[in-house]
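One structure below.
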Amino acid sequence: MTQPTWDPAQYLRHAGHRARPFADLLARIPDLPADRPRVADLGCGPGNVTALLTERWPTAHVTGYDNSPEMLDQAHVDHEGPTPGGGRLDFAPADLRTWAPDEPYDLLVSNATLQWVPSHADRLPDWLAALPPGGVLAFQVPGNFDAPSHRLMRELAGSPRWADRLAGTLRHADAVLAPADYLAHLTAAGCAADVWETTYLHLLPGEDPVLDWVKGTGLRPVLTALADDPESRDAFLAEYRTLLRAAYPAGPHGTVFPFRRVFAVAAKET
């Protein structure tokens, strides 16, 4: 899979819809064991949802980690610094394929990131082991890799016209686990786990809004692979746009974009 280059402005175009699953995840996280908790956001992006952690735990020291310089630059500018409750929010580079806590954390949280980390389920035991008693690991991942938005993207990238340029660019339908498999991994690690799934029906305004959405996330590897060939990039987008218009027709009040997500909250036993 191509390591994508990220565009914070494009990503934030749908910030409200993208933040809702994080808010739902946050609502299920129990109280943390420390009065001034140490919190890590794994895959913080531009930091807009990381900042919500400082509202839930005003005295916390929260660090957002990401491997995108573009996203971290935006996060530093928009969100870094002391918080009104006496805590602190900062950001640092990290690759979640190898990242391990170098200090005790009371909460490790990840929002729509682990799908980019191959074999991420194998990382969960190490992260859980680093938590103190009562510490929490919480994450959500998209569960829509078999939806038309992603299936059509993969099929087009694998078609004769594009296969040579885009082979190995995109994630497959098994980029995330089934909810029951996450539950099995987390309970096997000795945690009390809460795992569930939700399908949001996002009503998106504007012309070609599903294309606009995926240009900020799932389509980034393709856009990165074709960045040096604008003519080919535009040709791919034109073909993909036609497919998306048929799969997600515009209605009188906007375009409905069903989006399934998988959630997990695991508390380490005290």
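FYI, nothing fancy with the structure tokens labels: chains A, B, ... in order, residues from 1 per chain, ligands from 1 as they appear.
All residues of region 93-246 of chain A that DSSP, run on the backbone, classes as strand (DSSP E or B) are Pro93, Leu107, Leu108, Val109, Ser110, Asn111, Val136, Leu137, Ala138, Phe139, Gln140, Val141, Pro142, Cys191, Ala192, Ala193, Asp194, Val195, Trp196, Glu197, Thr198, Thr199, Tyr200, Leu201, His202, Leu203 and Leu204 of chain A.
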Polymer residues at most 6 Å from region 59-76 of chain A, only C-alpha atoms, same-chain spacing of 2 or more positions, as an NGL selection string: :A and (8 or 36-47 or 57 or 78-80 or 85-95)
Return as a PDB file with N, CA and C atoms, in the first residue's frame the full set of residues in region 100-207 of chain A whose backbone-based DSSP assignment is alpha helix (DSSP H).
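What follows is the written file states11.pdb:
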```pdb
ATOM      1  N   LEU A 124      -1.952  -4.630  19.691  1.00  0.00           N
ATOM      2  CA  LEU A 124      -2.817  -4.342  20.833  1.00  0.00           C
ATOM      3  C   LEU A 124      -2.281  -4.912  22.143  1.00  0.00           C
ATOM      4  N   PRO A 125      -1.795  -6.156  22.200  1.00  0.00           N
ATOM      5  CA  PRO A 125      -1.310  -6.678  23.490  1.00  0.00           C
ATOM      6  C   PRO A 125      -0.173  -5.857  24.076  1.00  0.00           C
ATOM      7  N   ASP A 126       0.757  -5.393  23.240  1.00  0.00           N
ATOM      8  CA  ASP A 126       1.863  -4.582  23.754  1.00  0.00           C
ATOM      9  C   ASP A 126       1.359  -3.257  24.315  1.00  0.00           C
ATOM     10  N   TRP A 127       0.426  -2.639  23.621  1.00  0.00           N
ATOM     11  CA  TRP A 127      -0.118  -1.368  24.116  1.00  0.00           C
ATOM     12  C   TRP A 127      -0.889  -1.585  25.418  1.00  0.00           C
ATOM     13  N   LEU A 128      -1.673  -2.648  25.482  1.00  0.00           N
ATOM     14  CA  LEU A 128      -2.426  -2.926  26.700  1.00  0.00           C
ATOM     15  C   LEU A 128      -1.502  -3.225  27.871  1.00  0.00           C
ATOM     16  N   ALA A 129      -0.422  -3.931  27.597  1.00  0.00           N
ATOM     17  CA  ALA A 129       0.516  -4.291  28.664  1.00  0.00           C
ATOM     18  C   ALA A 129       1.156  -3.063  29.280  1.00  0.00           C
ATOM     19  N   PRO A 148     -19.585   0.458  -1.603  1.00  0.00           N
ATOM     20  CA  PRO A 148     -19.270   0.886  -2.972  1.00  0.00           C
ATOM     21  C   PRO A 148     -18.133   1.896  -3.056  1.00  0.00           C
ATOM     22  N   SER A 149     -18.042   2.811  -2.107  1.00  0.00           N
ATOM     23  CA  SER A 149     -16.999   3.844  -2.161  1.00  0.00           C
ATOM     24  C   SER A 149     -15.616   3.223  -2.236  1.00  0.00           C
ATOM     25  N   HIS A 150     -15.372   2.160  -1.486  1.00  0.00           N
ATOM     26  CA  HIS A 150     -14.055   1.538  -1.452  1.00  0.00           C
ATOM     27  C   HIS A 150     -13.927   0.396  -2.458  1.00  0.00           C
ATOM     28  N   ARG A 151     -14.999  -0.361  -2.630  1.00  0.00           N
ATOM     29  CA  ARG A 151     -14.943  -1.469  -3.585  1.00  0.00           C
ATOM     30  C   ARG A 151     -14.723  -0.955  -5.001  1.00  0.00           C
ATOM     31  N   LEU A 152     -15.458   0.094  -5.384  1.00  0.00           N
ATOM     32  CA  LEU A 152     -15.295   0.648  -6.731  1.00  0.00           C
ATOM     33  C   LEU A 152     -13.916   1.262  -6.920  1.00  0.00           C
ATOM     34  N   MET A 153     -13.384   1.861  -5.871  1.00  0.00           N
ATOM     35  CA  MET A 153     -12.039   2.424  -5.940  1.00  0.00           C
ATOM     36  C   MET A 153     -11.015   1.324  -6.216  1.00  0.00           C
ATOM     37  N   ARG A 154     -11.122   0.201  -5.498  1.00  0.00           N
ATOM     38  CA  ARG A 154     -10.182  -0.912  -5.699  1.00  0.00           C
ATOM     39  C   ARG A 154     -10.340  -1.526  -7.082  1.00  0.00           C
ATOM     40  N   GLU A 155     -11.599  -1.707  -7.510  1.00  0.00           N
ATOM     41  CA  GLU A 155     -11.838  -2.314  -8.821  1.00  0.00           C
ATOM     42  C   GLU A 155     -11.284  -1.438  -9.935  1.00  0.00           C
ATOM     43  N   LEU A 156     -11.481  -0.137  -9.829  1.00  0.00           N
ATOM     44  CA  LEU A 156     -10.967   0.758 -10.863  1.00  0.00           C
ATOM     45  C   LEU A 156      -9.440   0.755 -10.855  1.00  0.00           C
ATOM     46  N   ALA A 157      -8.840   0.814  -9.660  1.00  0.00           N
ATOM     47  CA  ALA A 157      -7.378   0.809  -9.574  1.00  0.00           C
ATOM     48  C   ALA A 157      -6.784  -0.483 -10.126  1.00  0.00           C
ATOM     49  N   ALA A 163      -3.914  -0.749 -13.549  1.00  0.00           N
ATOM     50  CA  ALA A 163      -3.267  -1.735 -12.693  1.00  0.00           C
ATOM     51  C   ALA A 163      -1.754  -1.539 -12.600  1.00  0.00           C
ATOM     52  N   ASP A 164      -1.108  -1.231 -13.724  1.00  0.00           N
ATOM     53  CA  ASP A 164       0.347  -1.082 -13.689  1.00  0.00           C
ATOM     54  C   ASP A 164       0.773   0.097 -12.818  1.00  0.00           C
ATOM     55  N   ARG A 165      -0.034   1.162 -12.829  1.00  0.00           N
ATOM     56  CA  ARG A 165       0.331   2.360 -12.059  1.00  0.00           C
ATOM     57  C   ARG A 165      -0.052   2.226 -10.589  1.00  0.00           C
ATOM     58  N   LEU A 166      -1.134   1.495 -10.313  1.00  0.00           N
ATOM     59  CA  LEU A 166      -1.726   1.546  -8.979  1.00  0.00           C
ATOM     60  C   LEU A 166      -1.727   0.207  -8.252  1.00  0.00           C
ATOM     61  N   PRO A 179     -15.992  -7.130  14.431  1.00  0.00           N
ATOM     62  CA  PRO A 179     -16.119  -6.771  15.846  1.00  0.00           C
ATOM     63  C   PRO A 179     -15.841  -7.934  16.796  1.00  0.00           C
ATOM     64  N   ALA A 180     -16.340  -9.120  16.463  1.00  0.00           N
ATOM     65  CA  ALA A 180     -16.129 -10.270  17.342  1.00  0.00           C
ATOM     66  C   ALA A 180     -14.644 -10.618  17.471  1.00  0.00           C
ATOM     67  N   ASP A 181     -13.883 -10.371  16.418  1.00  0.00           N
ATOM     68  CA  ASP A 181     -12.452 -10.666  16.482  1.00  0.00           C
ATOM     69  C   ASP A 181     -11.722  -9.662  17.372  1.00  0.00           C
ATOM     70  N   TYR A 182     -12.109  -8.400  17.309  1.00  0.00           N
ATOM     71  CA  TYR A 182     -11.521  -7.432  18.240  1.00  0.00           C
ATOM     72  C   TYR A 182     -11.872  -7.809  19.685  1.00  0.00           C
ATOM     73  N   LEU A 183     -13.099  -8.202  19.904  1.00  0.00           N
ATOM     74  CA  LEU A 183     -13.505  -8.613  21.252  1.00  0.00           C
ATOM     75  C   LEU A 183     -12.646  -9.772  21.743  1.00  0.00           C
ATOM     76  N   ALA A 184     -12.397 -10.737  20.877  1.00  0.00           N
ATOM     77  CA  ALA A 184     -11.584 -11.889  21.268  1.00  0.00           C
ATOM     78  C   ALA A 184     -10.154 -11.470  21.609  1.00  0.00           C
ATOM     79  N   HIS A 185      -9.571 -10.584  20.816  1.00  0.00           N
ATOM     80  CA  HIS A 185      -8.207 -10.126  21.085  1.00  0.00           C
ATOM     81  C   HIS A 185      -8.127  -9.395  22.428  1.00  0.00           C
ATOM     82  N   LEU A 186      -9.095  -8.553  22.697  1.00  0.00           N
ATOM     83  CA  LEU A 186      -9.032  -7.716  23.888  1.00  0.00           C
ATOM     84  C   LEU A 186      -9.320  -8.514  25.155  1.00  0.00           C
ATOM     85  N   THR A 187     -10.271  -9.413  25.103  1.00  0.00           N
ATOM     86  CA  THR A 187     -10.552 -10.225  26.285  1.00  0.00           C
ATOM     87  C   THR A 187      -9.423 -11.216  26.545  1.00  0.00           C
ATOM     88  N   ALA A 188      -8.782 -11.716  25.489  1.00  0.00           N
ATOM     89  CA  ALA A 188      -7.646 -12.619  25.673  1.00  0.00           C
ATOM     90  C   ALA A 188      -6.489 -11.918  26.371  1.00  0.00           C
TER      91      ALA A 188
END
```
Residue neighbourhood Trp213 (chain A), 8 Å, only C-alpha atoms, exclusion window fewer than 4 positions, as a VMD selection string: chain A and resid 11 13 to 14 209 217
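Taking CA of Pro58 (chain A) and CA of Ala264 (chain A) as the two end points, the separation is 23.1 Å.
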Leu211 (chain A): which residues within 12 Å, counting only C-alpha atoms, same-chain residues fewer than 6 positions away excluded, as a compact mmCIF listing (two decimals) with N, CA and C atoms, in the first residue's frame?
```txt
# COMPACT_ATOMS: atom_id res chain seq x y z
N GLN A 10 -8.30 19.38 3.02
CA GLN A 10 -9.27 18.49 2.41
C GLN A 10 -9.91 17.59 3.47
N ARG A 13 -12.65 19.25 5.54
CA ARG A 13 -13.88 19.69 4.86
C ARG A 13 -15.11 18.98 5.40
N HIS A 14 -14.95 17.78 5.94
CA HIS A 14 -16.06 17.04 6.51
C HIS A 14 -15.81 16.78 7.99
N PRO A 148 -19.59 0.46 -1.60
CA PRO A 148 -19.27 0.89 -2.97
C PRO A 148 -18.13 1.90 -3.06
N SER A 149 -18.04 2.81 -2.11
CA SER A 149 -17.00 3.84 -2.16
C SER A 149 -15.62 3.22 -2.24
N HIS A 150 -15.37 2.16 -1.49
CA HIS A 150 -14.06 1.54 -1.45
C HIS A 150 -13.93 0.40 -2.46
N LEU A 152 -15.46 0.09 -5.38
CA LEU A 152 -15.29 0.65 -6.73
C LEU A 152 -13.92 1.26 -6.92
N MET A 153 -13.38 1.86 -5.87
CA MET A 153 -12.04 2.42 -5.94
C MET A 153 -11.02 1.32 -6.22
N LEU A 204 -24.79 14.36 2.88
CA LEU A 204 -23.73 15.25 2.43
C LEU A 204 -24.25 16.23 1.39
N PRO A 205 -23.95 17.52 1.54
CA PRO A 205 -24.38 18.52 0.56
C PRO A 205 -23.37 18.64 -0.58
N THR A 217 -9.39 11.01 2.58
CA THR A 217 -8.99 9.82 3.36
C THR A 217 -8.62 8.67 2.43
N GLY A 218 -9.60 7.83 2.12
CA GLY A 218 -9.32 6.57 1.44
C GLY A 218 -8.65 6.69 0.08
N LEU A 219 -8.89 7.80 -0.61
CA LEU A 219 -8.31 7.99 -1.94
C LEU A 219 -6.89 8.57 -1.89
N ARG A 220 -6.40 8.91 -0.71
CA ARG A 220 -5.08 9.55 -0.62
C ARG A 220 -3.97 8.72 -1.26
N PHE A 236 -8.35 9.42 -13.78
CA PHE A 236 -8.84 8.45 -12.78
C PHE A 236 -10.02 9.04 -12.02
N LEU A 237 -9.90 10.29 -11.60
CA LEU A 237 -10.99 10.92 -10.85
C LEU A 237 -12.26 11.00 -11.67
N ALA A 238 -12.14 11.25 -12.96
CA ALA A 238 -13.33 11.33 -13.81
C ALA A 238 -14.04 9.98 -13.88
N GLU A 239 -13.28 8.90 -14.05
CA GLU A 239 -13.89 7.57 -14.08
C GLU A 239 -14.52 7.22 -12.74
N TYR A 240 -13.80 7.50 -11.68
CA TYR A 240 -14.29 7.16 -10.34
C TYR A 240 -15.52 8.00 -9.99
N ARG A 241 -15.52 9.26 -10.39
CA ARG A 241 -16.66 10.14 -10.13
C ARG A 241 -17.93 9.57 -10.76
N THR A 242 -17.83 9.08 -12.00
CA THR A 242 -18.99 8.51 -12.68
C THR A 242 -19.52 7.30 -11.92
N LEU A 243 -18.63 6.45 -11.44
CA LEU A 243 -19.05 5.27 -10.68
C LEU A 243 -19.73 5.67 -9.37
N LEU A 244 -19.18 6.66 -8.70
CA LEU A 244 -19.76 7.09 -7.42
C LEU A 244 -21.13 7.73 -7.61
N ARG A 245 -21.30 8.47 -8.68
CA ARG A 245 -22.61 9.10 -8.92
C ARG A 245 -23.70 8.05 -9.09
N ALA A 247 -23.53 4.96 -7.75
CA ALA A 247 -23.66 4.22 -6.50
C ALA A 247 -24.32 5.05 -5.40
N TYR A 248 -24.10 6.36 -5.44
CA TYR A 248 -24.64 7.26 -4.41
C TYR A 248 -25.36 8.42 -5.10
N THR A 255 -26.86 13.95 -0.59
CA THR A 255 -26.46 12.58 -0.94
C THR A 255 -26.26 11.78 0.34
N PHE A 257 -24.72 8.97 2.45
CA PHE A 257 -23.47 8.21 2.44
C PHE A 257 -23.44 7.32 3.68
```
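Between CA of Leu137 (chain A) and CA of Leu32 (chain A) the interatomic distance comes to 10.9 Å.
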Spatial neighbours of Thr224 (chain A), 12 Å, only C-alpha atoms, chain gap at least 2 places, as a ChimeraX atom specification: /A:1-7,165-166,169-170,215-222,226-230,232-233
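Using only C-alpha atoms for every distance, the candidate list A:Glu269, A:Glu207, A:Asp234, A:Asp194 yields A:Asp194 as the residue closest to Leu25 (chain A).
Near Ala27 (chain A), within 12 Å and counting only C-alpha atoms, sit Arg20, Pro21, Phe22, Ala23, Asp24, Leu25, Ile29, Pro30, Asp31, Leu52, Leu53, Glu55, Arg56, Ala138, Phe263, Ala264 and Val265 of chain A; same-chain residues fewer than 2 positions away were not included.
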Coordinates-based distance that separates CA of Pro33 (chain A) from CA of Ala121 (chain A) (Å, one decimal): 24.9 Å
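Shortest separation to Leu177 (chain A) among A:Ala235, A:Val109, A:Val136, A:Leu114 occurs at residue A:Leu114, atoms counted being only C-alpha atoms.
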Spatial neighbours of Pro101 (chain A), 8 Å, only C-alpha atoms, chain gap at least 2 places, as number ranges by chain: A: 99, 103-105, 127, 130
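When only C-alpha atoms are used to compute distances to Ala175 (chain A), the closest of the residues A:Pro160, A:Pro133, A:Gly143, A:Gly16 turns out to be A:Gly143.
Here the question is which of A:Thr198, A:Lys268, A:Ala225, A:Leu96 gets nearest to Ala167 (chain A) using only C-alpha atoms, and that residue is A:Ala225.
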